[in-house]
Each structure stands twice: as C-alpha cells, then as structure tokens.
Amino acid sequence: MKIYNKLLSHFGIQYWWPAETKYEVVIGAIITQNISWKNVEKALNNLKNEDLIDEKRILKINTEKLKELIKPAGFYNIKAERLKNITKYIVDNYKTTDELAKTEKDTNILRNELLNIKGVGKETADSILLYALDRKIFVVDAYTRRIFSRYGIINKDMDYDEIRLIFEDNIIPSLNIYKEYHALIVELGKNYCKKKNPLCNTCPLNLYCRKLFNKFY
DNA sequence: CTCCGGTAAT
DNA sequence: ATTACTGGAG
C-alpha cells in the first residue's frame with residue numbers, strides 16, 4: 001500500500017480501463033496482448049469506424065476482414081481468431097458482455113470459464129474480470145514482474161497466481177484500488193522502470209528499491 | 001522455447 | 001537498424 005500511495009501521488013488517478021463499453025474492454029484485452037496500447041488504439045478506431053464494438057456484429061464479420069481492421073495491433077491473424085473465440089463464448093452463454101457482467105457466478109468459476117477459451121490466458125482473463133466484470137482480481141503483467149522483482153518484493157520467475165496472491169493478500173481489497181494499482185504499475189513500467197535503461201534517478205520508487213543497490217537486478 | 005507481426009521509440 | 005510493446009499457444 002505504501003508503494004501504491006507513492007505511485008498515486010506521483011501519477012494521479014488513471015481512471016482505468018479506457019473504454020466506453022464492457023465489450024470494448026474485452027476487445028482491448030485481446031488485442032493488447034504483448035502490444036503497446038498505441039497500436040491497440042489504431043485497431044480500436046478501425047473497429048469503431050465500422051461500428052463493430054458489438055458482439056453480434058463481430059461474430060458476423062468475416063475473419064479476413066477482421067484481420068485487416070486489427071492489423072495495426074500486430075499478431076493480427078491469431079488475434080482475430082481469439083476475438084472470435086471469446087465473443088462466441090459471450091454470445092453463446094450470456095448473449096452480451098453486459099449480461100455476462102450480471103451473472104451471480106463465483107469469480108473463480110467465471111475465471112475458469114474464461115481460461116478455457118483459446119487465446120485467453122491468466123492476464124487476459126483477469127483484465128476482463130477486473131475491468132469489464134468488476135470482480136476483485138489483481139492483474140499481473142510483465143511490468144508487475146519487472147518492477148516488483150527489481151524492487152525486491154517478488155521473484156522474477158514466480159508463478160502468475162503466486163504473485164497475484166501476494167498482492168491480494170497485502171493490499172486493501174477495494175475494486176477501485178485493484179483497478180488503479182495495475183494502471184499505475186503500467187504507467188511506472190512505461191515511463192521509469194523500463195526494460196533497458198530504467199530511469200532510476202527520477203523514479204518515484206527509488207528510495208527503497210533494491211535495484212539501486214544491486215547491479216544484478 | 002519459438003512463433004506470431006505491425007508500430008513507434010531508441 | 002534495433003528494440004520493446006498492458007501474452008498465449010504449440
């Protein structure tokens with residue numbers, strides 16, 4: 001929580017996830033996989049121009065056309081398939097993402113349903129659970145691993161869920177804090193705790209970060 | 001461990 | 001010209 005507060009006062013509230021509808025969160029979660037958000041925005045704009053932020057229309061459009069529209073996001077062949085897969089799951093089982101969000105099902109049940117979809121791994125599932133379905137699940141991504149292993153709190157090669165539980169066991173279980181914390185981690189990862197040449201001198205977390213005292217991190 | 005892949009920053 | 005990017009599957 002100390003780190004969260006430090007990041008919050010440095011970056012301010014992030015208001016994540018940036019999307020107008022729940023289904024747009026789902027689309028963004030798929031096409032942002034291992035891609036910078038800049039590229040995702042282009043793909044999302046292409047879809048919006050065709051009025052395709054809609055479950056039924058995405059299912060209806062032919063896959064080749066969909067590939068062209070999301071091409072700026074990279075990995076477009078597999079992502080088009082993945083987007084079809086998760087959309088089919090939503091429509092077949094809940095009709096819409098808004099209806100999916102209303103289900104009474106336990107979060108772990110829902111998580112397993114998402115993980116059974118080809119193209120949805122833990123981070124994508126958790127992003128959807130947290131930001132589209134308002135479930136209290138902490139999202140772990142590459143930035144989280146990098147920042148907190150450098151800092152000295154986790155081990156770089158820990159299991160995904162092990163890291164997730166470390167966060168869930170140690171921060172206030174508030175939906176908004178979960179949402180903002182992950183957003184703040186991304187912000188720090190992009191702007192300071194970069195893979196190469198991290199800006200440790202001006203980093204808001206540099207006071208207790210072990211990276212400054214150990215060149216092997 | 002390798003592939004998927006266009007885009008913007010370095 | 002090279003690298004990194006809000007991963008996941010085979």
# chains A, B, ... in the order shown; residues from 1 in each chain; ligands from 1
>>> residues_around(residues="Asn206 in chain A", least_positions_apart="4", cutoff="12 Å", atoms="only C-alpha atoms (C1' of nucleotides)", output="NGL selection string")
:A and (3 or 6-7 or 147-148 or 150-152 or 188 or 192-193 or 198-202 or 210-213)
>>> write_last_selection(atoms="N, CA and C atoms", output="compact mmCIF listing (two decimals), in the first residue's frame")
# COMPACT_ATOMS: atom_id res chain seq x y z
N ILE A 3 3.66 1.59 -1.59
CA ILE A 3 4.05 1.78 -2.98
C ILE A 3 2.88 2.34 -3.78
N LYS A 6 2.50 5.94 -3.09
CA LYS A 6 3.59 6.69 -3.72
C LYS A 6 3.30 6.90 -5.21
N LEU A 7 2.89 5.83 -5.86
CA LEU A 7 2.59 5.91 -7.29
C LEU A 7 1.39 6.81 -7.55
N ILE A 147 8.95 -4.67 -12.29
CA ILE A 147 9.06 -3.65 -11.25
C ILE A 147 9.27 -4.25 -9.88
N PHE A 148 8.44 -5.23 -9.52
CA PHE A 148 8.49 -5.73 -8.15
C PHE A 148 9.60 -6.73 -7.91
N ARG A 150 12.60 -6.21 -9.43
CA ARG A 150 13.70 -5.26 -9.26
C ARG A 150 13.65 -4.62 -7.87
N TYR A 151 12.45 -4.30 -7.48
CA TYR A 151 12.28 -3.66 -6.18
C TYR A 151 12.72 -4.58 -5.05
N GLY A 152 12.49 -5.89 -5.26
CA GLY A 152 12.92 -6.86 -4.26
C GLY A 152 11.80 -7.51 -3.49
N LEU A 188 4.26 3.30 -14.44
CA LEU A 188 5.65 3.29 -13.97
C LEU A 188 6.54 2.46 -14.91
N TYR A 192 9.30 4.82 -16.34
CA TYR A 192 10.51 4.81 -15.49
C TYR A 192 11.19 3.45 -15.44
N CYS A 193 10.45 2.43 -14.99
CA CYS A 193 11.06 1.12 -14.80
C CYS A 193 11.11 0.36 -16.12
N PRO A 198 16.46 1.86 -17.29
CA PRO A 198 15.42 2.41 -16.42
C PRO A 198 15.86 3.74 -15.82
N LEU A 199 14.90 4.64 -15.64
CA LEU A 199 15.20 5.97 -15.13
C LEU A 199 15.15 5.98 -13.60
N CYS A 200 16.10 5.27 -13.01
CA CYS A 200 16.10 5.11 -11.55
C CYS A 200 16.30 6.44 -10.80
N ASN A 201 17.04 7.33 -11.40
CA ASN A 201 17.35 8.58 -10.70
C ASN A 201 16.11 9.39 -10.35
N THR A 202 15.15 9.37 -11.27
CA THR A 202 13.95 10.17 -11.03
C THR A 202 12.73 9.32 -10.71
N ARG A 210 15.70 -2.07 -4.45
CA ARG A 210 16.96 -2.80 -4.35
C ARG A 210 17.82 -2.69 -5.60
N LYS A 211 17.20 -2.35 -6.72
CA LYS A 211 17.97 -2.25 -7.96
C LYS A 211 19.11 -1.26 -7.82
N LEU A 212 18.88 -0.22 -7.06
CA LEU A 212 19.91 0.79 -6.89
C LEU A 212 21.10 0.28 -6.08
N PHE A 213 20.89 -0.82 -5.34
CA PHE A 213 21.96 -1.33 -4.51
C PHE A 213 22.52 -2.65 -5.00
>>> residues_around(residues="DT7 in chain B", least_positions_apart="3", cutoff="12 Å", atoms="only C-alpha atoms (C1' of nucleotides)", output="list in words")
Ile35, Ser36, Trp37, Lys38, Asn39, Val40, Glu41, Lys42, Ala43, Lys71, Pro72, Ala73 and Gly74 of chain A; DT3, DA4 and DC5 of chain C
>>> interface_residues(of="chain B", to="chain A", cutoff="6 Å", atoms="only C-alpha atoms (C1' of nucleotides)", output="count of residues only")
3
>>> interface_residues(of="chain A", to="chain C", cutoff="10 Å", atoms="only C-alpha atoms (C1' of nucleotides)", output="number ranges by chain")
A: 28-39, 78, 118-124, 127, 139-144, 182-183, 185-187, 189-190, 194-196
>>> write_last_selection(atoms="C-alpha atoms", output="short mmCIF file (atom, residue, chain, number, x, y, z; two decimals), in the first residue's frame")
data_model
loop_
_atom_site.label_atom_id
_atom_site.label_comp_id
_atom_site.auth_asym_id
_atom_site.auth_seq_id
_atom_site.Cartn_x
_atom_site.Cartn_y
_atom_site.Cartn_z
CA GLY A 28 -8.90 -4.33 -25.94
CA ALA A 29 -7.79 -7.10 -23.59
CA ILE A 30 -7.34 -9.48 -26.51
CA ILE A 31 -5.63 -7.23 -28.99
CA THR A 32 -3.31 -5.59 -26.48
CA GLN A 33 -1.60 -8.90 -25.79
CA ASN A 34 2.14 -8.18 -25.88
CA ILE A 35 1.49 -4.98 -27.82
CA SER A 36 1.73 -1.33 -26.85
CA TRP A 37 -1.56 0.44 -26.31
CA LYS A 38 -0.70 2.90 -29.08
CA ASN A 39 -1.17 0.11 -31.60
CA ILE A 78 -4.24 -15.12 -34.20
CA LYS A 118 -8.44 -20.49 -26.71
CA GLY A 119 -6.50 -17.23 -26.70
CA VAL A 120 -7.36 -16.22 -23.15
CA GLY A 121 -4.61 -16.72 -20.59
CA LYS A 122 -4.48 -15.61 -16.99
CA GLU A 123 -3.61 -11.97 -17.57
CA THR A 124 -6.27 -11.51 -20.22
CA SER A 127 -8.08 -7.98 -17.01
CA VAL A 139 -3.93 -8.28 -12.71
CA VAL A 140 -0.31 -9.37 -13.03
CA ASP A 141 1.61 -8.42 -16.15
CA ALA A 142 5.17 -8.17 -17.42
CA TYR A 143 5.52 -4.73 -15.85
CA THR A 144 4.43 -6.08 -12.47
CA HIS A 182 -2.45 -2.09 -12.02
CA ALA A 183 -2.85 1.07 -14.10
CA ILE A 185 2.15 -0.13 -12.41
CA VAL A 186 1.80 0.12 -16.18
CA GLU A 187 2.49 3.83 -16.00
CA GLY A 189 6.78 0.46 -16.24
CA LYS A 190 6.36 2.54 -19.37
CA LYS A 194 11.87 0.40 -18.42
CA LYS A 195 13.41 -2.86 -19.58
CA LYS A 196 16.55 -1.14 -20.78
#
>>> atom_distance(atom1="CA of Lys102 in chain A", atom2="CA of Arg135 in chain A")
11.0 Å
>>> atom_distance(atom1="CA of Asp98 in chain A", atom2="CA of Val26 in chain A")
11.1 Å
>>> select_by_dssp(residues="range 8-209 of chain A", states="alpha helix (DSSP H)", output="ChimeraX atom specification")
/A:8-11,22-31,37-49,55-60,63-69,76-94,97-102,107-115,122-131,142-151,160-170,175-191
